[in-house]
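Raw contents of coords-v3.cif, mmCIF, C-alpha atoms:
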```cif
data_my_file
#
loop_
_atom_site.label_atom_id
_atom_site.label_comp_id
_atom_site.auth_asym_id
_atom_site.auth_seq_id
_atom_site.Cartn_x
_atom_site.Cartn_y
_atom_site.Cartn_z
CA MET I 27 10.00 24.17 32.27
CA LEU I 28 11.16 21.77 29.63
CA PRO I 29 8.90 19.93 27.20
CA LEU I 30 9.70 16.55 28.76
CA TYR I 31 8.87 17.98 32.14
CA LEU I 32 5.46 18.94 30.79
CA LEU I 33 5.05 15.42 29.47
CA THR I 34 5.90 13.91 32.86
CA ALA I 35 3.36 16.22 34.44
CA ALA I 36 0.78 14.88 32.03
CA LYS I 37 0.77 11.36 33.49
CA ASN I 38 -2.72 9.87 33.68
CA GLN I 39 -4.00 12.48 31.28
CA PRO I 40 -5.53 11.64 27.91
CA MET I 41 -3.50 12.53 24.88
CA LEU I 42 -3.14 12.02 21.18
CA VAL I 43 0.16 10.71 19.87
CA GLU I 44 0.84 10.99 16.18
CA LEU I 45 3.62 8.79 14.92
CA LYS I 46 5.91 9.56 12.04
CA SER I 47 3.99 7.02 10.00
CA GLY I 48 0.82 9.07 10.41
CA GLU I 49 -0.88 6.61 12.76
CA THR I 50 -2.52 8.15 15.78
CA LEU I 51 -2.80 6.70 19.27
CA ASN I 52 -5.39 8.13 21.62
CA GLY I 53 -4.93 7.08 25.20
CA HIS I 54 -3.97 7.91 28.75
CA LEU I 55 -0.34 8.32 29.61
CA ILE I 56 0.95 5.81 32.12
CA ASN I 57 4.60 6.67 32.06
CA CYS I 58 7.30 8.37 30.04
CA ASP I 59 11.08 8.72 30.11
CA SER I 60 13.75 11.09 28.93
CA TRP I 61 13.80 9.53 25.47
CA MET I 62 10.09 10.24 25.07
CA ASN I 63 9.29 6.51 25.20
CA LEU I 64 5.70 6.22 26.43
CA THR I 65 3.36 3.67 27.88
CA LEU I 66 -0.31 4.36 27.26
CA ARG I 67 -3.48 2.66 28.45
CA ASP I 68 -6.95 2.30 26.90
CA VAL I 69 -5.56 3.21 23.55
CA ILE I 70 -7.41 3.68 20.31
CA GLN I 71 -5.03 3.23 17.43
CA SER I 72 -6.06 4.78 14.12
CA SER I 73 -4.32 4.12 10.85
CA ALA I 74 -2.83 6.96 8.83
CA GLY I 75 -5.83 7.21 6.55
CA GLY I 76 -8.25 7.21 9.45
CA ASP I 77 -10.00 4.14 8.17
CA GLN I 78 -8.92 1.38 10.56
CA PHE I 79 -9.28 1.39 14.33
CA LEU I 80 -7.91 -0.85 17.04
CA LEU I 81 -8.62 -0.86 20.74
CA ILE I 82 -5.51 -1.67 22.80
CA PRO I 83 -5.57 -1.94 26.60
CA GLU I 84 -1.93 -1.03 26.99
CA CYS I 85 0.86 -0.13 24.60
CA TYR I 86 4.45 1.04 24.51
CA VAL I 87 5.60 3.70 22.08
CA ARG I 88 9.25 4.19 21.28
CA GLY I 89 10.10 7.88 21.52
CA ASN I 90 11.92 8.18 18.24
CA HIS I 91 8.78 7.19 16.36
CA ILE I 92 6.79 10.12 17.61
CA LYS I 93 5.96 13.07 15.41
CA TYR I 94 4.04 15.04 17.99
CA LEU I 95 1.73 14.83 20.98
CA ARG I 96 -1.48 16.73 21.56
CA LEU I 97 -2.21 17.35 25.20
CA PRO I 98 -5.34 18.66 26.93
CA ASP I 99 -5.46 22.45 27.21
CA GLU I 100 -5.68 22.34 30.99
CA ILE I 101 -2.21 20.84 31.25
CA MET I 102 -0.54 24.24 30.94
CA ASP I 103 -2.44 25.70 33.88
CA GLN I 104 -1.92 22.59 35.97
CA VAL I 105 1.82 22.67 35.40
CA LYS I 106 2.11 26.38 36.14
CA GLU I 107 0.30 25.81 39.42
CA ALA I 108 2.56 22.92 40.33
CA ASN I 109 5.60 24.96 39.30
CA ILE I 110 4.62 27.88 41.50
CA GLN I 111 4.03 25.59 44.46
CA ASN I 112 7.41 23.91 43.93
CA MET I 113 9.21 27.21 43.66
CA GLU I 114 7.55 28.50 46.82
CA GLN I 115 8.54 25.33 48.64
CA ARG I 116 12.10 25.61 47.41
CA ASN I 117 12.40 29.26 48.30
CA PHE I 118 11.06 28.49 51.73
CA ASN I 119 13.65 25.73 52.18
CA ARG I 120 16.51 27.87 50.92
CA HIS I 121 15.55 30.72 53.12
CA ASN I 122 15.53 28.47 56.12
CA GLN I 123 18.97 27.19 55.35
CA GLY I 124 20.27 30.71 55.45
CA ARG I 125 21.50 30.68 51.89
CA ASN I 126 21.13 33.55 49.49
CA ASN I 127 17.60 33.66 48.32
CA ARG I 128 17.75 33.67 44.55
CA GLY I 129 14.78 35.89 44.42
CA ASN I 130 11.23 35.45 43.39
CA PHE I 131 10.86 33.08 40.49
CA ARG I 132 7.15 33.48 40.32
CA GLY I 133 5.99 34.97 37.09
CA ASN I 134 9.53 35.83 36.10
CA LYS I 135 9.78 34.63 32.54
CA ARG I 136 13.53 34.93 32.62
CA TYR I 137 14.03 31.71 34.45
CA ASN I 138 11.44 29.62 32.76
CA ASN I 139 13.76 28.10 30.26
CA GLN I 140 16.96 26.28 30.64
CA GLY I 141 18.91 26.57 27.48
CA GLY I 142 22.50 25.62 26.96
CA ARG I 143 24.02 22.48 25.68
CA ASN I 144 24.57 20.36 28.72
CA GLN I 145 21.15 20.12 30.24
CA ASN I 146 21.08 18.75 33.73
CA GLN I 147 17.87 16.88 34.20
CA SER I 148 17.27 18.12 37.73
CA ARG I 149 14.98 20.93 36.92
CA GLY I 150 14.80 22.48 40.31
CA GLN I 151 17.94 24.49 40.03
CA GLY I 152 16.67 27.63 38.43
CA ASN I 153 18.81 28.90 35.64
CA GLN I 154 21.89 26.77 35.67
CA GLY I 155 22.36 25.68 32.14
CA GLY I 156 25.57 23.75 32.53
CA GLN I 157 28.62 24.59 30.45
CA GLY I 158 28.21 27.08 27.71
CA GLY I 159 30.07 25.08 25.08
CA ASN I 160 31.92 27.10 22.44
CA GLY I 161 31.43 30.56 23.75
CA GLY I 162 33.48 32.67 21.40
CA TYR I 163 34.76 32.17 17.91
CA ASN I 164 38.12 32.62 16.35
CA ARG I 165 38.40 35.79 14.39
CA GLY I 166 40.60 35.40 11.41
CA GLY I 167 40.90 31.68 11.73
CA PHE I 168 38.88 28.54 11.74
CA ASN I 169 39.18 26.31 14.70
CA ASN I 170 39.10 22.79 13.41
CA ALA I 171 40.10 21.09 16.60
CA THR I 172 37.88 18.15 17.38
CA GLN I 173 36.12 18.56 20.69
CA MET Y 9 33.37 21.42 13.81
CA LEU Y 10 34.93 23.12 10.83
CA PHE Y 11 31.73 24.28 9.26
CA PHE Y 12 30.31 25.25 12.62
CA SER Y 13 33.32 27.55 13.10
CA PHE Y 14 32.99 28.72 9.53
CA PHE Y 15 29.36 29.69 9.98
CA LYS Y 16 30.20 31.53 13.16
CA THR Y 17 32.36 33.88 11.10
CA LEU Y 18 29.42 34.54 8.80
CA VAL Y 19 27.14 35.96 11.48
CA ASP Y 20 25.49 39.24 10.38
CA GLN Y 21 26.09 38.46 6.72
CA GLU Y 22 23.31 38.02 4.24
CA VAL Y 23 22.86 34.46 3.07
CA THR Y 24 20.35 32.56 1.00
CA VAL Y 25 19.32 29.19 2.33
CA GLU Y 26 18.01 26.70 -0.20
CA LEU Y 27 16.01 23.93 1.42
CA LYS Y 28 15.67 20.40 0.15
CA ASN Y 29 12.17 21.25 -1.06
CA ASP Y 30 13.62 23.80 -3.48
CA ILE Y 31 12.40 26.82 -1.50
CA SER Y 32 15.00 29.57 -0.97
CA ILE Y 33 15.02 31.98 1.95
CA THR Y 34 17.26 35.03 2.11
CA GLY Y 35 18.13 36.64 5.41
CA THR Y 36 20.81 37.81 7.79
CA LEU Y 37 22.51 34.98 9.61
CA LYS Y 38 22.19 35.60 13.33
CA SER Y 39 23.10 32.29 14.87
CA VAL Y 40 24.25 28.78 14.12
CA ASP Y 41 24.71 25.70 16.29
CA GLN Y 42 26.68 22.49 16.22
CA PHE Y 43 24.04 20.81 14.05
CA LEU Y 44 24.26 23.70 11.59
CA ASN Y 45 20.73 24.77 12.46
CA LEU Y 46 20.47 28.38 11.29
CA LYS Y 47 18.75 31.43 12.69
CA LEU Y 48 18.00 34.14 10.15
CA ASP Y 49 16.66 37.66 10.60
CA ASN Y 50 14.77 39.86 8.14
CA ILE Y 51 13.84 37.09 5.84
CA THR Y 52 12.43 37.11 2.34
CA CYS Y 53 11.26 34.01 0.55
CA ASN Y 54 11.49 33.31 -3.17
CA ASN Y 55 8.15 31.49 -3.23
CA ASP Y 56 5.04 33.44 -2.15
CA THR Y 57 2.53 30.68 -2.66
CA LYS Y 58 3.94 27.76 -0.75
CA TYR Y 59 4.08 29.47 2.65
CA PRO Y 60 1.99 32.64 2.34
CA HIS Y 61 2.36 33.45 6.03
CA LEU Y 62 6.12 33.96 5.63
CA ILE Y 63 5.33 37.54 4.78
CA ALA Y 64 4.58 38.06 8.47
CA VAL Y 65 7.71 36.35 9.71
CA ARG Y 66 10.54 38.41 11.13
CA ASN Y 67 13.04 35.74 12.02
CA LEU Y 68 13.35 32.10 11.29
CA PHE Y 69 14.99 29.08 12.86
CA ILE Y 70 15.84 26.51 10.20
CA ARG Y 71 16.74 22.94 11.06
CA GLY Y 72 20.11 22.07 9.56
CA SER Y 73 19.02 18.69 8.25
CA THR Y 74 16.56 20.35 5.86
CA VAL Y 75 19.11 22.59 4.18
CA ARG Y 76 20.45 21.74 0.77
CA TYR Y 77 22.60 24.82 0.11
CA VAL Y 78 23.64 27.99 1.84
CA HIS Y 79 24.45 30.55 -0.85
CA LEU Y 80 27.12 33.04 0.20
CA LYS Y 81 28.83 36.07 -1.21
CA LYS Y 82 32.26 35.34 -2.55
CA GLU Y 83 33.75 38.08 -0.38
CA SER Y 84 32.51 36.36 2.78
CA VAL Y 85 34.69 33.36 2.21
CA ASP Y 86 38.42 33.04 2.54
CA THR Y 87 39.01 29.81 0.68
CA ASN Y 88 42.68 29.64 1.61
CA LEU Y 89 41.84 29.77 5.28
CA LEU Y 90 39.19 27.11 4.79
CA GLN Y 91 41.61 24.88 2.94
CA ASP Y 92 44.20 25.23 5.69
CA ALA Y 93 41.66 24.44 8.36
CA ALA Y 94 40.47 21.41 6.44
CA ARG Y 95 44.01 20.13 6.08
CA ARG Y 96 44.70 20.66 9.75
CA GLY Y 97 41.63 18.63 10.48
CA MET Y 98 43.00 15.73 8.51
CA LEU Y 99 46.05 15.38 10.77
CA MET O 6 40.16 37.41 5.97
CA SER O 7 36.53 37.55 6.91
CA GLN O 8 35.35 40.58 8.79
CA ALA O 9 32.40 39.10 10.59
CA GLN O 10 31.82 40.41 14.07
CA ILE O 11 29.41 39.23 16.69
CA GLN O 12 26.96 41.97 17.56
CA GLN O 13 27.61 43.02 21.12
CA PRO O 14 24.45 42.50 23.14
CA HIS O 15 23.27 45.87 24.38
CA HIS O 16 22.51 45.91 28.06
CA GLN O 17 21.23 49.44 28.36
CA GLN O 18 17.50 49.32 27.81
CA GLN O 19 16.01 52.56 26.59
CA PRO O 20 13.33 53.75 28.99
CA ASN O 21 10.63 53.95 26.32
CA LYS O 22 11.17 50.40 25.02
CA ASN O 23 8.11 48.30 25.62
CA VAL O 24 7.65 44.87 27.21
CA ASP O 25 9.87 43.27 24.56
CA ALA O 26 12.81 44.40 26.66
CA LEU O 27 12.43 41.47 29.05
CA SER O 28 12.56 38.78 26.37
CA GLN O 29 15.28 40.74 24.60
CA GLY O 30 17.17 40.52 27.87
CA VAL O 31 16.74 36.76 27.96
CA GLU O 32 17.86 36.46 24.38
CA ASP O 33 20.95 38.57 25.05
CA LEU O 34 21.71 36.49 28.10
CA TYR O 35 21.64 33.36 26.01
CA LEU O 36 23.62 34.82 23.17
CA GLU O 37 26.25 35.92 25.66
CA SER O 38 26.79 32.81 27.68
CA TYR O 39 25.42 30.17 25.35
CA ALA O 40 26.17 31.77 22.04
CA PHE O 41 25.74 29.44 19.09
CA THR O 42 23.61 26.77 20.64
CA THR O 43 20.22 25.49 19.56
CA ALA O 44 18.76 27.25 22.57
CA ALA O 45 20.19 30.59 21.55
CA GLY O 46 18.39 30.32 18.25
CA ILE O 47 15.01 29.59 19.79
CA VAL O 48 14.86 31.32 23.14
CA GLY O 49 13.99 34.70 21.65
CA SER O 50 10.69 33.34 20.38
CA VAL O 51 9.37 32.05 23.70
CA ASP O 52 5.90 33.30 24.68
CA ARG O 53 5.46 34.71 21.20
CA LYS O 54 3.23 33.69 18.37
CA VAL O 55 5.16 31.44 16.04
CA PHE O 56 4.58 29.23 13.08
CA VAL O 57 6.13 25.80 12.77
CA LEU O 58 6.56 23.89 9.55
CA LEU O 59 6.66 20.14 10.11
CA ARG O 60 8.38 17.61 7.89
CA ASP O 61 5.02 16.21 6.80
CA GLY O 62 4.15 19.64 5.41
CA ARG O 63 1.81 20.76 8.15
CA ASN O 64 1.70 24.43 9.17
CA LEU O 65 1.07 25.02 12.85
CA PHE O 66 0.51 28.43 14.40
CA GLY O 67 0.67 28.89 18.13
CA ILE O 68 2.36 30.45 21.12
CA LEU O 69 5.74 28.93 21.82
CA ARG O 70 5.87 28.12 25.49
CA THR O 71 8.95 25.99 25.96
CA PHE O 72 11.66 24.10 24.14
CA ASP O 73 14.78 22.08 24.86
CA GLN O 74 18.19 21.32 23.35
CA TYR O 75 16.68 18.93 20.77
CA ALA O 76 14.34 21.70 19.62
CA ASN O 77 11.36 19.77 21.03
CA LEU O 78 8.68 22.47 21.23
CA VAL O 79 5.56 23.10 23.25
CA LEU O 80 2.96 25.26 21.51
CA GLN O 81 -0.22 26.54 23.12
CA ASP O 82 -3.49 27.58 21.43
CA THR O 83 -2.27 25.99 18.27
CA ILE O 84 -4.06 26.27 14.95
CA GLU O 85 -3.35 23.92 12.08
CA ARG O 86 -3.64 25.59 8.70
CA ILE O 87 -3.82 24.01 5.26
CA TYR O 88 -3.24 25.95 2.06
CA LEU O 89 -4.78 24.72 -1.15
CA PRO O 90 -4.35 25.86 -4.75
CA ASN O 91 -6.67 28.55 -6.07
CA ASN O 92 -6.32 30.79 -3.04
CA ARG O 93 -8.05 28.57 -0.52
CA TYR O 94 -7.20 27.74 3.07
CA ALA O 95 -8.65 25.99 6.12
CA GLU O 96 -7.95 26.11 9.83
CA ALA O 97 -8.56 23.87 12.83
CA ASP O 98 -8.04 24.52 16.53
CA ARG O 99 -5.66 22.05 18.08
CA GLY O 100 -4.81 23.19 21.60
CA VAL O 101 -1.51 22.18 23.16
CA PHE O 102 1.15 20.55 21.00
CA LEU O 103 4.35 18.87 22.08
CA ILE O 104 6.38 18.57 18.89
CA ARG O 105 9.39 16.31 18.68
CA GLY O 106 12.31 18.42 17.45
CA GLU O 107 13.42 16.17 14.63
CA ASN O 108 10.12 16.73 12.82
CA VAL O 109 10.53 20.49 12.62
CA VAL O 110 11.69 22.13 9.39
CA MET O 111 11.31 25.78 10.32
CA LEU O 112 10.22 27.82 13.26
CA GLY O 113 9.38 31.46 12.62
CA GLU O 114 8.28 34.31 14.84
CA LEU O 115 5.11 35.97 13.54
CA ASP O 116 4.57 39.69 13.38
CA ILE O 117 1.06 39.98 14.84
CA ASP O 118 0.30 43.05 12.78
CA LYS O 119 0.98 41.26 9.53
CA GLU O 120 0.02 37.71 10.34
CA ASP O 121 -3.40 37.85 8.74
CA THR O 122 -2.39 39.61 5.54
CA ALA O 123 -1.69 36.29 3.91
CA ILE O 124 -5.16 34.87 4.42
CA GLU O 125 -7.07 38.14 3.98
CA GLU O 126 -7.19 37.59 0.25
CA MET O 127 -7.92 33.90 0.53
CA VAL O 128 -11.13 31.97 0.72
CA GLN O 129 -11.70 29.83 3.78
CA MET O 130 -13.15 26.37 3.48
CA PRO O 131 -14.15 23.66 5.95
CA PHE O 132 -11.18 21.87 7.42
CA ASN O 133 -12.24 18.26 6.84
CA GLU O 134 -12.78 18.87 3.15
CA ALA O 135 -9.46 20.70 2.87
CA ASP O 136 -7.70 17.90 4.74
CA LYS O 137 -8.98 15.27 2.31
CA GLU O 138 -7.89 17.32 -0.67
CA TRP O 139 -4.49 17.98 0.90
CA GLU O 140 -3.94 14.29 1.52
CA ALA O 141 -4.95 13.52 -2.05
CA LEU O 142 -2.43 16.08 -3.29
CA ASN O 143 0.25 14.53 -1.13
CA ALA O 144 -0.51 11.04 -2.36
CA GLU O 145 -0.29 12.33 -5.92
CA ARG O 146 3.05 13.93 -5.21
CA ILE O 147 4.43 10.76 -3.62
CA LYS O 148 3.39 8.77 -6.66
CA LEU O 149 5.03 11.26 -9.01
CA GLU O 150 8.25 11.36 -7.06
CA THR O 151 8.57 7.60 -6.76
CA GLN O 152 8.00 7.23 -10.49
CA ARG O 153 10.60 9.88 -11.14
CA ALA O 154 13.04 8.14 -8.82
CA LYS O 155 12.52 4.86 -10.64
CA LYS O 156 13.13 6.52 -13.97
CA LEU O 157 16.24 8.32 -12.76
CA LEU O 158 17.66 5.08 -11.47
CA LYS O 159 16.83 3.07 -14.56
CA VAL O 160 17.91 5.63 -17.10
CA SER O 161 20.76 7.52 -15.48
CA GLY O 162 21.76 5.34 -12.55
CA LEU O 163 21.01 8.23 -10.18
CA THR O 164 19.49 7.77 -6.75
CA SER O 165 16.75 9.95 -5.34
CA ASP O 166 16.64 11.20 -1.77
CA PHE O 167 12.88 11.59 -1.73
CA VAL O 168 11.23 10.13 1.35
CA LYS O 169 7.49 9.64 1.69
CA SER O 170 7.48 11.28 5.10
CA ASP O 171 9.10 14.55 3.98
CA LEU O 172 6.34 16.44 2.25
CA TYR O 173 7.31 19.98 3.21
#
```

Same coordinates, now as structure tokens:
Amino acid sequence: MLPLYLLTAAKNQPMLVELKSGETLNGHLINCDSWMNLTLRDVIQSSAGGDQFLLIPECYVRGNHIKYLRLPDEIMDQVKEANIQNMEQRNFNRHNQGRNNRGNFRGNKRYNNQGGRNQNQSRGQGNQGGQGGNGGYNRGGFNNATQ
Amino acid sequence: MLFFSFFKTLVDQEVTVELKNDISITGTLKSVDQFLNLKLDNITCNNDTKYPHLIAVRNLFIRGSTVRYVHLKKESVDTNLLQDAARRGML
Amino acid sequence: MSQAQIQQPHHQQQPNKNVDALSQGVEDLYLESYAFTTAAGIVGSVDRKVFVLLRDGRNLFGILRTFDQYANLVLQDTIERIYLPNNRYAEADRGVFLIRGENVVMLGELDIDKEDTAIEEMVQMPFNEADKEWEALNAERIKLETQRAKKLLKVSGLTSDFVKSDLY
């Protein structure tokens, strides 16, 4: 479960966004994308010093300006639930199609993360991390070939 | 790419990473990536007051962009090899 | 000729190794197939207590739940801690954090046996007070550094790479 996946699961939830400038935006998430751009509604914008406040009905935040997001505690449980249901559904489908059942993903920490360089955004595929990039290294030599 | 490959040959060596905030951290290099982010094991820090909790830290992932220097032992480096690789890269 | 060797990941788990074996297995898996990626450097710390140092100087302590190739992190049960001179500190509960990777300086795995030794000898103070003092200290530092940068430029023609946002 990737961080951006968690963010997408947090739609319609209240959250606090702190920008790199130190300003904070408190509002409900309308939408987000893979660059972490966000649209928020019913936003309270606070200046870095915490002295000025602005009420904004709707605003757009460019992802690269974000320092961090604070999400409600319940989000983790909600996502785990949704994850389990999805996995069960997928296993059920796979089973029916007569393919090899990849086994029980539930509670198996091993498959919770997709590492690797080339992330494919379709998160339903279990542990396929794409190509492994530079697997080995050259002993006794430096490989300076450009990729 | 060159320094990525270079760091890969330094895995399991002891290095001292000096950050841009003047703090130095010594540890065993376990991993590096294309952005020259570093993963160190068994770390010790030269400054006990700035980050007191570092005493409880076993391994550390350091973002490459925050590193000023990586201090190495002379024996770890083959400068001739490096020079050759750099020249090859120029072609 | 450098003699560095990659440690071969050991697949045989000793029978009396504790639960760590599972995450060790994940880490080995990543080091094998995705050796030398950002993920390989972080995956070993998942579901463990970690501390994160942010570029603005904040110290966050929490359980690392997930991450991605940009080192974006999700921490759960996070505590923000401020250290002040004269052996003082303050903490505040923050819940779930999604941290954008570019704002991270360091990410370290905490040894739960030792994690409190640092603050054992320190005096705790209320967080709001500590926060104000911390911000005052930061403002002071920014002022000092910008003055220094001006001087360096005027006197020696040297540029400074100090940025207001990097207070770590």

(request) Could you please tell me, as a list in words, which residues of chain Y have an atom within 9 Å of chain I when using only C-alpha atoms? (result) Met9, Leu10, Phe11, Ser13, Phe14, Lys16, Thr17, Leu89, Leu90, Asp92, Ala93, Ala94, Arg96 and Gly97 of chain Y

(message) Can you translate the PyMOL selection byres ((chain O and resi 73) around 7) into the concrete residues it hits in this file, as number ranges by chain?
(response) I: 28-29, 141; O: 44, 72, 74-77

(message) Rounded to one decimal, what separation in Å do you get between CA of Asn122 (chain I) and CA of Lys106 (chain I)?
(response)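 It comes out at 24.2 Å.
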
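If you count all atoms listed in the file and ignore residues fewer than 3 places along the chain from Ile70 (chain Y), what sits within 8 Å of it is Asn45, Leu46, Lys47, Leu48, Thr74 and Val75 of chain Y; Val110, Met111 and Leu112 of chain O.
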
(request) Would you write out, as a count of residues only, every residue that the PyMOL selection byres ((chain O and resi 93) around 9) captures in this file? (result) 14

(request) Kindly indicate which residue among O:Phe66, O:Phe167, O:Trp139, O:Phe41 lies nearest to chain I, using only C-alpha atoms for the distances. (result) O:Phe41

(message) Using Å and a single decimal, report how far CA of Glu140 (chain O) sits from CA of Leu55 (chain I).
(response)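 Calculated distance between CA of Leu55 (chain I) and CA of Glu140 (chain O) is 28.9 Å.
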
Any chance you could tabulate, as a tab-separated table, the residues of chain Y at most 10 Å from chain O with each one's nearest atom pair and distance in Å to one decimal, using all atoms listed in the file, in chain and rising number order?
```
residue	atom	partner	partner_atom	distance
Y:Phe12	CA	O:Phe41	CA	9.0
Y:Ser13	CA	O:Phe41	CA	9.8
Y:Phe14	CA	O:Ser7	CA	9.9
Y:Phe15	CA	O:Phe41	CA	9.8
Y:Lys16	CA	O:Phe41	CA	7.7
Y:Thr17	CA	O:Ala9	CA	5.2
Y:Leu18	CA	O:Ala9	CA	5.7
Y:Val19	CA	O:Ala9	CA	6.2
Y:Asp20	CA	O:Ala9	CA	6.9
Y:Gln21	CA	O:Ala9	CA	7.4
Y:Leu27	CA	O:Val110	CA	9.2
Y:Lys28	CA	O:Tyr173	CA	8.9
Y:Asn29	CA	O:Tyr173	CA	6.6
Y:Asp30	CA	O:Tyr173	CA	10.0
Y:Ile31	CA	O:Tyr173	CA	9.7
Y:Lys38	CA	O:Gly46	CA	8.2
Y:Ser39	CA	O:Phe41	CA	5.7
Y:Val40	CA	O:Phe41	CA	5.2
Y:Asp41	CA	O:Thr42	CA	4.6
Y:Gln42	CA	O:Thr42	CA	6.9
Y:Phe43	CA	O:Thr43	CA	8.2
Y:Leu44	CA	O:Thr43	CA	9.1
Y:Asn45	CA	O:Thr43	CA	7.2
Y:Leu46	CA	O:Gly46	CA	7.5
Y:Lys47	CA	O:Gly46	CA	5.7
Y:Leu48	CA	O:Gly46	CA	9.0
Y:Asp49	CA	O:Gly113	CA	9.8
Y:Ile51	CA	O:Gly113	CA	9.9
Y:Asp56	CA	O:Ala123	CA	9.5
Y:Thr57	CA	O:Pro90	CA	8.7
Y:Lys58	CA	O:Tyr88	CA	7.9
Y:Tyr59	CA	O:Tyr88	CA	8.1
Y:Pro60	CA	O:Ala123	CA	5.4
Y:His61	CA	O:Ala123	CA	5.4
Y:Leu62	CA	O:Gly113	CA	8.1
Y:Ile63	CA	O:Ala123	CA	7.2
Y:Ala64	CA	O:Lys119	CA	4.9
Y:Val65	CA	O:Leu115	CA	4.6
Y:Arg66	CA	O:Glu114	CA	6.0
Y:Asn67	CA	O:Gly113	CA	5.7
Y:Leu68	CA	O:Gly113	CA	4.2
Y:Phe69	CA	O:Leu112	CA	4.9
Y:Ile70	CA	O:Met111	CA	4.6
Y:Arg71	CA	O:Val110	CA	5.4
Y:Gly72	CA	O:Val110	CA	8.4
Y:Ser73	CA	O:Val110	CA	8.2
Y:Thr74	CA	O:Val110	CA	6.3
Y:Val75	CA	O:Val110	CA	9.1
Y:Glu83	CA	O:Ser7	CA	7.8
Y:Ser84	CA	O:Ser7	CA	5.9
Y:Val85	CA	O:Ser7	CA	6.6
Y:Asp86	CA	O:Met6	CA	5.8
Y:Thr87	CA	O:Met6	CA	9.3
Y:Asn88	CA	O:Met6	CA	9.3
Y:Leu89	CA	O:Met6	CA	7.9
```

(message) Calculated over all atoms listed in the file, which of the candidates I:Gln123, I:Gln78, I:Gln111, I:Asn63 has the smallest distance to Thr34 (chain I)?
(response) I:Asn63

(message) Rounded to one decimal, what separation in Å do you get between CA of Ala144 (chain O) and CA of Glu85 (chain O)?
(response)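 Distance reported for this atom pair: 19.6 Å.
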
(request) Find the residue from O:Ala141, O:Ile68, O:Ile104, O:Leu163 that sits nearest to chain I; use only C-alpha atoms when measuring. (result)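 Comparing O:Ala141, O:Ile68, O:Ile104, O:Leu163 against chain I, the winner is O:Ile104.
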
(request) Check the smallest atom-to-atom distance from each of O:Val48, O:Leu103, O:Ala97, O:Arg53 to Met102 (chain I) using only C-alpha atoms, then report the winner. (result)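 Going through O:Val48, O:Leu103, O:Ala97, O:Arg53 one by one, the smallest distance to Met102 (chain I) is for O:Leu103.
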
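Put simply, the PyMOL selection byres ((chain I and resi 79-84) around 8) on this file hits Thr65, Leu66, Arg67, Asp68, Val69, Ile70, Gln71, Ser72, Ser73, Gly76, Asp77, Gln78, Cys85 and Tyr86 of chain I.
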
(message) Just checking: using only C-alpha atoms, which residue out of O:Gly162, O:Gly67, O:Gly62, O:Gly100 ends up closest to chain I?
(response) O:Gly100

Rebuild region 33-44 of chain Y so that it carries N, CA and C atoms, then output the result as a PDB file, in the coordinates of the input.
```
ATOM      1  N   ILE Y  33      15.328  30.917   0.993  1.00  0.00           N
ATOM      2  CA  ILE Y  33      15.020  31.980   1.950  1.00  0.00           C
ATOM      3  C   ILE Y  33      16.271  32.824   2.156  1.00  0.00           C
ATOM      4  N   THR Y  34      16.128  34.122   1.935  1.00  0.00           N
ATOM      5  CA  THR Y  34      17.260  35.030   2.110  1.00  0.00           C
ATOM      6  C   THR Y  34      17.109  35.769   3.424  1.00  0.00           C
ATOM      7  N   GLY Y  35      18.215  35.911   4.151  1.00  0.00           N
ATOM      8  CA  GLY Y  35      18.130  36.640   5.410  1.00  0.00           C
ATOM      9  C   GLY Y  35      19.514  36.872   5.969  1.00  0.00           C
ATOM     10  N   THR Y  36      19.547  37.557   7.110  1.00  0.00           N
ATOM     11  CA  THR Y  36      20.810  37.810   7.790  1.00  0.00           C
ATOM     12  C   THR Y  36      21.057  36.705   8.787  1.00  0.00           C
ATOM     13  N   LEU Y  37      22.206  36.077   8.702  1.00  0.00           N
ATOM     14  CA  LEU Y  37      22.510  34.980   9.610  1.00  0.00           C
ATOM     15  C   LEU Y  37      22.792  35.534  11.003  1.00  0.00           C
ATOM     16  N   LYS Y  38      22.004  35.090  11.979  1.00  0.00           N
ATOM     17  CA  LYS Y  38      22.190  35.600  13.330  1.00  0.00           C
ATOM     18  C   LYS Y  38      22.845  34.574  14.237  1.00  0.00           C
ATOM     19  N   SER Y  39      22.560  33.300  13.977  1.00  0.00           N
ATOM     20  CA  SER Y  39      23.100  32.290  14.870  1.00  0.00           C
ATOM     21  C   SER Y  39      23.197  30.951  14.159  1.00  0.00           C
ATOM     22  N   VAL Y  40      24.102  30.137  14.638  1.00  0.00           N
ATOM     23  CA  VAL Y  40      24.250  28.780  14.120  1.00  0.00           C
ATOM     24  C   VAL Y  40      24.581  27.902  15.314  1.00  0.00           C
ATOM     25  N   ASP Y  41      24.321  26.586  15.192  1.00  0.00           N
ATOM     26  CA  ASP Y  41      24.710  25.700  16.290  1.00  0.00           C
ATOM     27  C   ASP Y  41      25.459  24.497  15.740  1.00  0.00           C
ATOM     28  N   GLN Y  42      25.822  23.592  16.629  1.00  0.00           N
ATOM     29  CA  GLN Y  42      26.680  22.490  16.220  1.00  0.00           C
ATOM     30  C   GLN Y  42      26.037  21.598  15.165  1.00  0.00           C
ATOM     31  N   PHE Y  43      24.700  21.619  15.062  1.00  0.00           N
ATOM     32  CA  PHE Y  43      24.040  20.810  14.050  1.00  0.00           C
ATOM     33  C   PHE Y  43      23.833  21.589  12.763  1.00  0.00           C
ATOM     34  N   LEU Y  44      24.421  22.803  12.729  1.00  0.00           N
ATOM     35  CA  LEU Y  44      24.260  23.700  11.590  1.00  0.00           C
ATOM     36  C   LEU Y  44      22.800  24.109  11.401  1.00  0.00           C
TER      37      LEU Y  44
END
```
